[in-house]
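Q: Just dropping this structure here.
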Amino acid sequence: MSVIEAVDKVEIRILVDNATDVLSSNPSFVESEAAFIGRRGMTNSARCLCCAVHGLSCLVTVHRGGKSHAVLFDTGPEDYAFERNVTRLGVDLGVVESIVLSHGHWDHSGAMLLALGMIRGRNGARTVPFYAHPGMFVTRGVRQANGSVRRMDDVPSVIELSDFGAAMVVTTEPQTPLGGLFYVSGEIPRVSGFERGYPGQVKRTADGWEPDELLMDERWLAINIAGKGLVVLSACSHAGIVNVCRHARATFPDIPIHAVMGGLHLSGPNEAIIPQTVGGLKEFDIKTIAAGHCTGWRAMTALAKEFPDALAPTAVGKQFTF
């Protein structure tokens, strides 16, 4: 049986996301970028603002028994946005004890080498445990209508990551970083029937480009909040957020899912499955749906209509506290 330790509280700071929103009101457990800047005594000025880019990165900090432990979940697509946002938010990456890469796409891994350098520059140059799936380290692309392939940037290699101070844990099996305070899933079973991955994605092999729509390297990260339940981070949900939630429920059948956070990838061709996805989420009684990144405005609209009290969109600089 899988084990995950309960924690007293978790804080999830959004370091990189597709959106920035300093004006909208938020639930009591969400602090906006503007509120955070104000709390730090900074002026409301362009010099304080973060930037939004296509990608996702979260600093996840758990608190238990008066101690805290932090994991970096992805780094977004590029050095500029990651470094700018971390610096302007005043985030000390020296507290990061482990890194989890959600899946092998450039918009989640582009600043990974920079992040390792920033972490080790603040932690005494200690190596950083890095959790990855072997399927992440392939060259990928998307098949175009004319049959050509638009190549994606590669994820930094195991050698590159190791050279920058990552202590690599590359496996298909679930992992329990930091004594079980975090849970990194294994491969996600595809059971819903309608969630079929990333349409058109291919990977390069010795025989050429081969179909790779299922993205079996994707994993979810979970934290168990005492008295509330699981907070499940699914960075892109290429496996499908319903499949993710069913896997989390099967893994921890006695712990309810309190919140899901991340991109739901219901944009582009996957807009066709928005109704089934919204319907499928009803079975979990999730209290907070913190959707962002690649979810898409059509899906956001549908989620807002069906879950008006649960939807809490992510944005750069926001902090969610559960």
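In the structure tokens, each chain is lettered A, B, ... as it comes, each chain's residues begin at 1, and ligands are numbered from 1 in order of appearance.
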Name the residues in contact with Glu5 of chain A at a cut-off of 12 Å, using only C-alpha atoms, excluding same-chain residues fewer than 5 positions from it; report them as a list in words.

A: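 My list of contacting residues is Val62, His63, Arg64, Thr176, Pro177, Leu178, Gly179, Gly180, Leu181, Phe182, Tyr183, Ala222, Ile223, Asn224, Ile225, Ala226, Gly229, Leu230, Phe252 and Ile255 of chain A.
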
Q: Can you write out as JSON lines which residues of segment 181-293 of chain A fall within 12 Å of segment 151-175 of chain A, alongside each residue's closest atom pair and its distance in Å to one decimal, counting only C-alpha atoms and ordering rows by chain and ascending residue number?

A:
{"residue": "A:Leu181", "atom": "CA", "partner": "A:Gln175", "partner_atom": "CA", "distance": 10.7}
{"residue": "A:Phe182", "atom": "CA", "partner": "A:Gln175", "partner_atom": "CA", "distance": 8.3}
{"residue": "A:Tyr183", "atom": "CA", "partner": "A:Gln175", "partner_atom": "CA", "distance": 6.0}
{"residue": "A:Val184", "atom": "CA", "partner": "A:Gln175", "partner_atom": "CA", "distance": 5.0}
{"residue": "A:Ser185", "atom": "CA", "partner": "A:Pro174", "partner_atom": "CA", "distance": 4.5}
{"residue": "A:Gly186", "atom": "CA", "partner": "A:Pro174", "partner_atom": "CA", "distance": 4.1}
{"residue": "A:Glu187", "atom": "CA", "partner": "A:Thr172", "partner_atom": "CA", "distance": 6.4}
{"residue": "A:Ile188", "atom": "CA", "partner": "A:Thr172", "partner_atom": "CA", "distance": 10.1}
{"residue": "A:Gly200", "atom": "CA", "partner": "A:Arg151", "partner_atom": "CA", "distance": 11.8}
{"residue": "A:Gln201", "atom": "CA", "partner": "A:Arg151", "partner_atom": "CA", "distance": 9.7}
{"residue": "A:Val202", "atom": "CA", "partner": "A:Arg151", "partner_atom": "CA", "distance": 9.1}
{"residue": "A:Lys203", "atom": "CA", "partner": "A:Arg151", "partner_atom": "CA", "distance": 9.1}
{"residue": "A:Arg204", "atom": "CA", "partner": "A:Arg151", "partner_atom": "CA", "distance": 9.5}
{"residue": "A:Trp209", "atom": "CA", "partner": "A:Arg151", "partner_atom": "CA", "distance": 10.4}
{"residue": "A:Met216", "atom": "CA", "partner": "A:Thr172", "partner_atom": "CA", "distance": 9.2}
{"residue": "A:Asp217", "atom": "CA", "partner": "A:Thr172", "partner_atom": "CA", "distance": 7.7}
{"residue": "A:Glu218", "atom": "CA", "partner": "A:Thr172", "partner_atom": "CA", "distance": 9.8}
{"residue": "A:Arg219", "atom": "CA", "partner": "A:Pro174", "partner_atom": "CA", "distance": 8.7}
{"residue": "A:Trp220", "atom": "CA", "partner": "A:Pro174", "partner_atom": "CA", "distance": 9.7}
{"residue": "A:Leu221", "atom": "CA", "partner": "A:Gln175", "partner_atom": "CA", "distance": 9.6}
{"residue": "A:Ala222", "atom": "CA", "partner": "A:Gln175", "partner_atom": "CA", "distance": 10.7}
{"residue": "A:His247", "atom": "CA", "partner": "A:Pro174", "partner_atom": "CA", "distance": 11.9}
{"residue": "A:Ala248", "atom": "CA", "partner": "A:Pro174", "partner_atom": "CA", "distance": 11.7}
{"residue": "A:Thr251", "atom": "CA", "partner": "A:Pro174", "partner_atom": "CA", "distance": 10.3}

Q: Could you jot down the atom CA of Val60 of chain A to atom CA of Val96 of chain A separation for me, Å, one decimal place?

A: 8.9 Å

Q: Which polymer residues have any atom within 7 Å of an atom of His258 of chain A, counting only C-alpha atoms, with same-chain residues fewer than 6 positions away left out, as a PyMOL selection string?

A: chain A and resi 228-231+286-288

Q: Those residues you just picked out, can you put them in a file as an mmCIF file, in the first residue's frame with all heavy atoms?

A:
data_model
loop_
_atom_site.group_PDB
_atom_site.id
_atom_site.type_symbol
_atom_site.label_atom_id
_atom_site.label_comp_id
_atom_site.auth_asym_id
_atom_site.auth_seq_id
_atom_site.Cartn_x
_atom_site.Cartn_y
_atom_site.Cartn_z
ATOM 1 N N LYS A 228 -7.968 17.667 5.740
ATOM 2 C CA LYS A 228 -8.518 18.128 4.467
ATOM 3 C C LYS A 228 -8.410 17.065 3.383
ATOM 4 O O LYS A 228 -9.398 16.740 2.730
ATOM 5 C CB LYS A 228 -7.811 19.411 4.006
ATOM 6 C CG LYS A 228 -8.090 20.607 4.899
ATOM 7 C CD LYS A 228 -7.399 21.867 4.364
ATOM 8 C CE LYS A 228 -7.723 23.067 5.246
ATOM 9 N NZ LYS A 228 -7.042 24.307 4.757
ATOM 10 N N GLY A 229 -7.228 16.547 3.160
ATOM 11 C CA GLY A 229 -7.035 15.542 2.132
ATOM 12 C C GLY A 229 -5.895 15.888 1.202
ATOM 13 O O GLY A 229 -5.007 16.692 1.530
ATOM 14 N N LEU A 230 -5.926 15.299 0.013
ATOM 15 C CA LEU A 230 -4.838 15.434 -0.942
ATOM 16 C C LEU A 230 -4.914 16.738 -1.718
ATOM 17 O O LEU A 230 -5.987 17.163 -2.137
ATOM 18 C CB LEU A 230 -4.868 14.284 -1.951
ATOM 19 C CG LEU A 230 -4.660 12.857 -1.439
ATOM 20 C CD1 LEU A 230 -4.815 11.883 -2.611
ATOM 21 C CD2 LEU A 230 -3.299 12.696 -0.782
ATOM 22 N N VAL A 231 -3.755 17.357 -1.915
ATOM 23 C CA VAL A 231 -3.586 18.381 -2.933
ATOM 24 C C VAL A 231 -2.764 17.727 -4.041
ATOM 25 O O VAL A 231 -1.642 17.275 -3.801
ATOM 26 C CB VAL A 231 -2.861 19.624 -2.386
ATOM 27 C CG1 VAL A 231 -2.609 20.621 -3.510
ATOM 28 C CG2 VAL A 231 -3.667 20.270 -1.271
ATOM 29 N N ILE A 286 -14.252 17.756 -5.356
ATOM 30 C CA ILE A 286 -13.029 18.539 -5.118
ATOM 31 C C ILE A 286 -13.400 19.935 -4.630
ATOM 32 O O ILE A 286 -14.237 20.613 -5.224
ATOM 33 C CB ILE A 286 -12.198 18.616 -6.408
ATOM 34 C CG1 ILE A 286 -11.792 17.207 -6.855
ATOM 35 C CG2 ILE A 286 -10.969 19.491 -6.206
ATOM 36 C CD1 ILE A 286 -11.210 17.150 -8.249
ATOM 37 N N LYS A 287 -12.762 20.378 -3.572
ATOM 38 C CA LYS A 287 -13.093 21.674 -2.985
ATOM 39 C C LYS A 287 -12.450 22.837 -3.736
ATOM 40 O O LYS A 287 -13.016 23.937 -3.784
ATOM 41 C CB LYS A 287 -12.654 21.710 -1.516
ATOM 42 C CG LYS A 287 -13.334 20.662 -0.649
ATOM 43 C CD LYS A 287 -14.849 20.857 -0.615
ATOM 44 C CE LYS A 287 -15.546 19.902 0.340
ATOM 45 N NZ LYS A 287 -15.595 18.504 -0.176
ATOM 46 N N THR A 288 -11.262 22.617 -4.332
ATOM 47 C CA THR A 288 -10.581 23.677 -5.079
ATOM 48 C C THR A 288 -10.018 23.112 -6.372
ATOM 49 O O THR A 288 -9.292 22.116 -6.357
ATOM 50 C CB THR A 288 -9.429 24.289 -4.261
ATOM 51 O OG1 THR A 288 -9.952 24.867 -3.064
ATOM 52 C CG2 THR A 288 -8.713 25.376 -5.065
#

Q: Using only C-alpha atoms, find the one residue out of A:Asp309, A:Glu11, A:Asp285, A:Glu78 that sits nearest to Cys58 of chain A.

A: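 Going through A:Asp309, A:Glu11, A:Asp285, A:Glu78 one by one, the smallest distance to Cys58 of chain A is for A:Glu11.
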
Q: Taking the DSSP assignment computed from this structure's backbone, write out as a list of chain:residue names all residues of segment 64-132 of chain A that belong to strand (DSSP E).

A: A:Arg64, A:Lys67, A:Ser68, A:His69, A:Ala70, A:Val71, A:Leu72, A:Phe73, A:Val96, A:Glu97, A:Ser98, A:Ile99, A:Val100, A:Val128, A:Pro129, A:Phe130, A:Tyr131, A:Ala132

Q: Name the residues of segment 64-279 of chain A that come out as alpha helix (DSSP H) in a backbone DSSP run; write them as a VMD selection string.

A: chain A and resid 79 to 88 106 to 109 112 to 120 158 to 163 177 to 180 241 to 251 274 to 279

Q: Compare A:Val53, A:Leu264, A:Leu101, A:Val138 by their minimum atom-to-atom distance to Val278 of chain A, counting only C-alpha atoms, and give me the closest one.

A: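 The shortest atom-to-atom distance to Val278 of chain A comes from A:Leu264.
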
Q: Which one of A:Pro211, A:Val16, A:Arg120, A:Ala145 sits closest to Tyr80 of chain A if you count only C-alpha atoms?

A: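 Looking only at the distances to Tyr80 of chain A, the closest residue turns out to be A:Val16.
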
Q: Considering only C-alpha atoms, return as a tab-separated table (two decimals) with N, CA and C atoms, in the first residue's frame whatever protein or nucleic-acid residues lie within 12 Å of Ser24 of chain A, sequence-local ones (same chain, fewer than 6 positions apart) excluded.

A:
chain	number	residue	atom	x	y	z
A	30	VAL	N	-5.90	32.24	-1.00
A	30	VAL	CA	-5.04	32.61	-2.13
A	30	VAL	C	-4.56	34.04	-1.95
A	31	GLU	N	-3.25	34.23	-2.01
A	31	GLU	CA	-2.66	35.57	-1.96
A	31	GLU	C	-2.20	35.94	-3.36
A	32	SER	N	-2.62	37.09	-3.86
A	32	SER	CA	-2.25	37.51	-5.21
A	32	SER	C	-0.83	38.06	-5.23
A	33	GLU	N	-0.31	38.22	-6.43
A	33	GLU	CA	1.01	38.83	-6.61
A	33	GLU	C	1.03	40.24	-6.00
A	34	ALA	N	-0.03	41.03	-6.26
A	34	ALA	CA	-0.07	42.40	-5.75
A	34	ALA	C	-0.12	42.44	-4.23
A	35	ALA	N	-0.91	41.53	-3.64
A	35	ALA	CA	-1.00	41.49	-2.18
A	35	ALA	C	0.33	41.11	-1.56
A	312	ALA	N	-10.47	28.29	-8.80
A	312	ALA	CA	-9.58	29.36	-8.34
A	312	ALA	C	-8.38	29.38	-9.28
A	313	PRO	N	-8.46	30.14	-10.38
A	313	PRO	CA	-7.40	30.10	-11.40
A	313	PRO	C	-6.03	30.47	-10.84
A	314	THR	N	-5.01	29.82	-11.36
A	314	THR	CA	-3.65	30.17	-11.00
A	314	THR	C	-3.18	31.37	-11.81
A	315	ALA	N	-2.13	32.01	-11.36
A	315	ALA	CA	-1.48	33.12	-12.07
A	315	ALA	C	-0.12	33.33	-11.44
A	318	LYS	N	0.90	34.17	-7.46
A	318	LYS	CA	-0.10	33.77	-6.47
A	318	LYS	C	0.46	32.72	-5.52

Q: Nearest residue to Pro129 of chain A out of A:Ala111, A:Val91, A:Val71, A:Ala272, using only C-alpha atoms?

A: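 Distance minimum relative to Pro129 of chain A lands on A:Val71.
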
Q: At a cut-off of 12 Å, using only C-alpha atoms, what residues contact Arg122 of chain A? Leave out same-chain residues fewer than 2 positions from it and give the result as a PyMOL selection string.

A: chain A and resi 91-97+115-120+124-128

Q: Write the selection just made, keeping N, CA and C atoms, as a short mmCIF file (atom, residue, chain, number, x, y, z; two decimals), in the first residue's frame?

A:
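Dumped to selection_17.cif:
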data_model
loop_
_atom_site.label_atom_id
_atom_site.label_comp_id
_atom_site.auth_asym_id
_atom_site.auth_seq_id
_atom_site.Cartn_x
_atom_site.Cartn_y
_atom_site.Cartn_z
N VAL A 91 11.93 35.04 -3.66
CA VAL A 91 11.93 33.64 -3.27
C VAL A 91 13.37 33.16 -3.05
N ASP A 92 13.61 32.54 -1.92
CA ASP A 92 14.92 31.95 -1.62
C ASP A 92 14.91 30.50 -2.05
N LEU A 93 15.53 30.21 -3.19
CA LEU A 93 15.55 28.83 -3.69
C LEU A 93 16.49 27.93 -2.89
N GLY A 94 17.25 28.51 -1.99
CA GLY A 94 18.12 27.69 -1.15
C GLY A 94 17.37 26.71 -0.27
N VAL A 95 16.07 26.94 -0.08
CA VAL A 95 15.27 26.04 0.76
C VAL A 95 14.83 24.78 0.01
N VAL A 96 15.01 24.76 -1.30
CA VAL A 96 14.54 23.63 -2.10
C VAL A 96 15.38 22.40 -1.79
N GLU A 97 14.72 21.32 -1.39
CA GLU A 97 15.42 20.08 -1.03
C GLU A 97 15.31 19.00 -2.11
N ALA A 115 17.87 26.84 -12.57
CA ALA A 115 17.29 26.61 -11.25
C ALA A 115 18.25 25.83 -10.36
N LEU A 116 18.88 24.81 -10.91
CA LEU A 116 19.86 24.05 -10.13
C LEU A 116 21.00 24.95 -9.67
N GLY A 117 21.46 25.82 -10.56
CA GLY A 117 22.52 26.75 -10.18
C GLY A 117 22.09 27.70 -9.09
N MET A 118 20.85 28.20 -9.17
CA MET A 118 20.35 29.14 -8.16
C MET A 118 20.15 28.44 -6.82
N ILE A 119 19.68 27.21 -6.85
CA ILE A 119 19.48 26.46 -5.61
C ILE A 119 20.82 26.18 -4.94
N ARG A 120 21.77 25.68 -5.71
CA ARG A 120 23.05 25.29 -5.14
C ARG A 120 23.90 26.50 -4.75
N GLY A 124 24.83 25.89 -0.17
CA GLY A 124 26.16 25.39 0.12
C GLY A 124 26.69 24.43 -0.92
N ALA A 125 26.14 24.50 -2.13
CA ALA A 125 26.57 23.67 -3.27
C ALA A 125 26.26 22.19 -3.07
N ARG A 126 25.27 21.88 -2.23
CA ARG A 126 24.87 20.48 -2.08
C ARG A 126 24.12 20.00 -3.32
N THR A 127 24.24 18.73 -3.63
CA THR A 127 23.46 18.16 -4.72
C THR A 127 21.99 18.14 -4.36
N VAL A 128 21.13 18.09 -5.38
CA VAL A 128 19.69 18.18 -5.18
C VAL A 128 19.03 16.93 -5.78
#

Q: Considering only C-alpha atoms, return as JSON, numbers by chain whatever protein or nucleic-acid residues lie within 7 Å of Leu59 of chain A, sequence-local ones (same chain, fewer than 5 positions apart) excluded.

A: {"A": [12, 13, 14, 15, 70, 71, 72, 73]}

Q: For the selection you just gave me, I'd like the residues written to a file as a PDB file, in the first residue's frame, keeping all heavy atoms.

A:
ATOM      1  N   ILE A  12       1.820  26.864  -1.830  1.00  0.00           N
ATOM      2  CA  ILE A  12       2.235  26.649  -3.217  1.00  0.00           C
ATOM      3  C   ILE A  12       2.328  28.004  -3.900  1.00  0.00           C
ATOM      4  O   ILE A  12       1.314  28.654  -4.164  1.00  0.00           O
ATOM      5  CB  ILE A  12       1.253  25.719  -3.955  1.00  0.00           C
ATOM      6  CG1 ILE A  12       1.114  24.397  -3.194  1.00  0.00           C
ATOM      7  CG2 ILE A  12       1.733  25.493  -5.391  1.00  0.00           C
ATOM      8  CD1 ILE A  12       0.033  23.485  -3.740  1.00  0.00           C
ATOM      9  N   ARG A  13       3.554  28.435  -4.158  1.00  0.00           N
ATOM     10  CA  ARG A  13       3.797  29.714  -4.816  1.00  0.00           C
ATOM     11  C   ARG A  13       3.988  29.467  -6.308  1.00  0.00           C
ATOM     12  O   ARG A  13       4.829  28.669  -6.710  1.00  0.00           O
ATOM     13  CB  ARG A  13       5.051  30.387  -4.241  1.00  0.00           C
ATOM     14  CG  ARG A  13       5.450  31.685  -4.930  1.00  0.00           C
ATOM     15  CD  ARG A  13       4.516  32.829  -4.586  1.00  0.00           C
ATOM     16  NE  ARG A  13       4.613  33.194  -3.178  1.00  0.00           N
ATOM     17  CZ  ARG A  13       3.817  34.113  -2.603  1.00  0.00           C
ATOM     18  NH1 ARG A  13       2.890  34.733  -3.320  1.00  0.00           N
ATOM     19  NH2 ARG A  13       3.943  34.394  -1.321  1.00  0.00           N
ATOM     20  N   ILE A  14       3.210  30.157  -7.146  1.00  0.00           N
ATOM     21  CA  ILE A  14       3.305  30.011  -8.593  1.00  0.00           C
ATOM     22  C   ILE A  14       4.441  30.906  -9.089  1.00  0.00           C
ATOM     23  O   ILE A  14       4.344  32.135  -9.052  1.00  0.00           O
ATOM     24  CB  ILE A  14       1.988  30.393  -9.289  1.00  0.00           C
ATOM     25  CG1 ILE A  14       0.797  29.667  -8.639  1.00  0.00           C
ATOM     26  CG2 ILE A  14       2.072  30.070 -10.777  1.00  0.00           C
ATOM     27  CD1 ILE A  14       0.854  28.175  -8.692  1.00  0.00           C
ATOM     28  N   LEU A  15       5.515  30.289  -9.562  1.00  0.00           N
ATOM     29  CA  LEU A  15       6.671  31.038 -10.048  1.00  0.00           C
ATOM     30  C   LEU A  15       6.563  31.376 -11.530  1.00  0.00           C
ATOM     31  O   LEU A  15       7.037  32.426 -11.970  1.00  0.00           O
ATOM     32  CB  LEU A  15       7.957  30.250  -9.790  1.00  0.00           C
ATOM     33  CG  LEU A  15       8.224  29.821  -8.340  1.00  0.00           C
ATOM     34  CD1 LEU A  15       9.518  29.034  -8.253  1.00  0.00           C
ATOM     35  CD2 LEU A  15       8.262  31.033  -7.414  1.00  0.00           C
ATOM     36  N   ALA A  70      10.701  22.008   1.221  1.00  0.00           N
ATOM     37  CA  ALA A  70      10.258  22.569  -0.053  1.00  0.00           C
ATOM     38  C   ALA A  70      10.734  21.729  -1.236  1.00  0.00           C
ATOM     39  O   ALA A  70      11.854  21.206  -1.247  1.00  0.00           O
ATOM     40  CB  ALA A  70      10.766  24.002  -0.216  1.00  0.00           C
ATOM     41  N   VAL A  71       9.848  21.636  -2.235  1.00  0.00           N
ATOM     42  CA  VAL A  71      10.125  20.952  -3.497  1.00  0.00           C
ATOM     43  C   VAL A  71       9.832  21.925  -4.632  1.00  0.00           C
ATOM     44  O   VAL A  71       8.823  22.645  -4.598  1.00  0.00           O
ATOM     45  CB  VAL A  71       9.250  19.687  -3.637  1.00  0.00           C
ATOM     46  CG1 VAL A  71       9.248  19.171  -5.076  1.00  0.00           C
ATOM     47  CG2 VAL A  71       9.743  18.598  -2.692  1.00  0.00           C
ATOM     48  N   LEU A  72      10.701  21.941  -5.628  1.00  0.00           N
ATOM     49  CA  LEU A  72      10.450  22.715  -6.839  1.00  0.00           C
ATOM     50  C   LEU A  72       9.815  21.793  -7.865  1.00  0.00           C
ATOM     51  O   LEU A  72      10.379  20.751  -8.217  1.00  0.00           O
ATOM     52  CB  LEU A  72      11.752  23.293  -7.385  1.00  0.00           C
ATOM     53  CG  LEU A  72      11.626  24.141  -8.662  1.00  0.00           C
ATOM     54  CD1 LEU A  72      10.794  25.397  -8.420  1.00  0.00           C
ATOM     55  CD2 LEU A  72      13.006  24.511  -9.206  1.00  0.00           C
ATOM     56  N   PHE A  73       8.634  22.175  -8.343  1.00  0.00           N
ATOM     57  CA  PHE A  73       7.873  21.385  -9.310  1.00  0.00           C
ATOM     58  C   PHE A  73       7.909  22.119 -10.646  1.00  0.00           C
ATOM     59  O   PHE A  73       7.209  23.104 -10.837  1.00  0.00           O
ATOM     60  CB  PHE A  73       6.437  21.235  -8.806  1.00  0.00           C
ATOM     61  CG  PHE A  73       5.558  20.329  -9.622  1.00  0.00           C
ATOM     62  CD1 PHE A  73       5.877  18.999  -9.809  1.00  0.00           C
ATOM     63  CD2 PHE A  73       4.378  20.813 -10.173  1.00  0.00           C
ATOM     64  CE1 PHE A  73       5.033  18.155 -10.534  1.00  0.00           C
ATOM     65  CE2 PHE A  73       3.539  19.987 -10.903  1.00  0.00           C
ATOM     66  CZ  PHE A  73       3.869  18.652 -11.081  1.00  0.00           C
TER      67      PHE A  73
END

Q: For a test of reading the model, state the distance in Å between atom CA of Val260 of chain A and atom CA of Ala290 of chain A, rounded to one decimal.

A: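 Atom CA of Val260 of chain A sits 6.0 Å away from atom CA of Ala290 of chain A.
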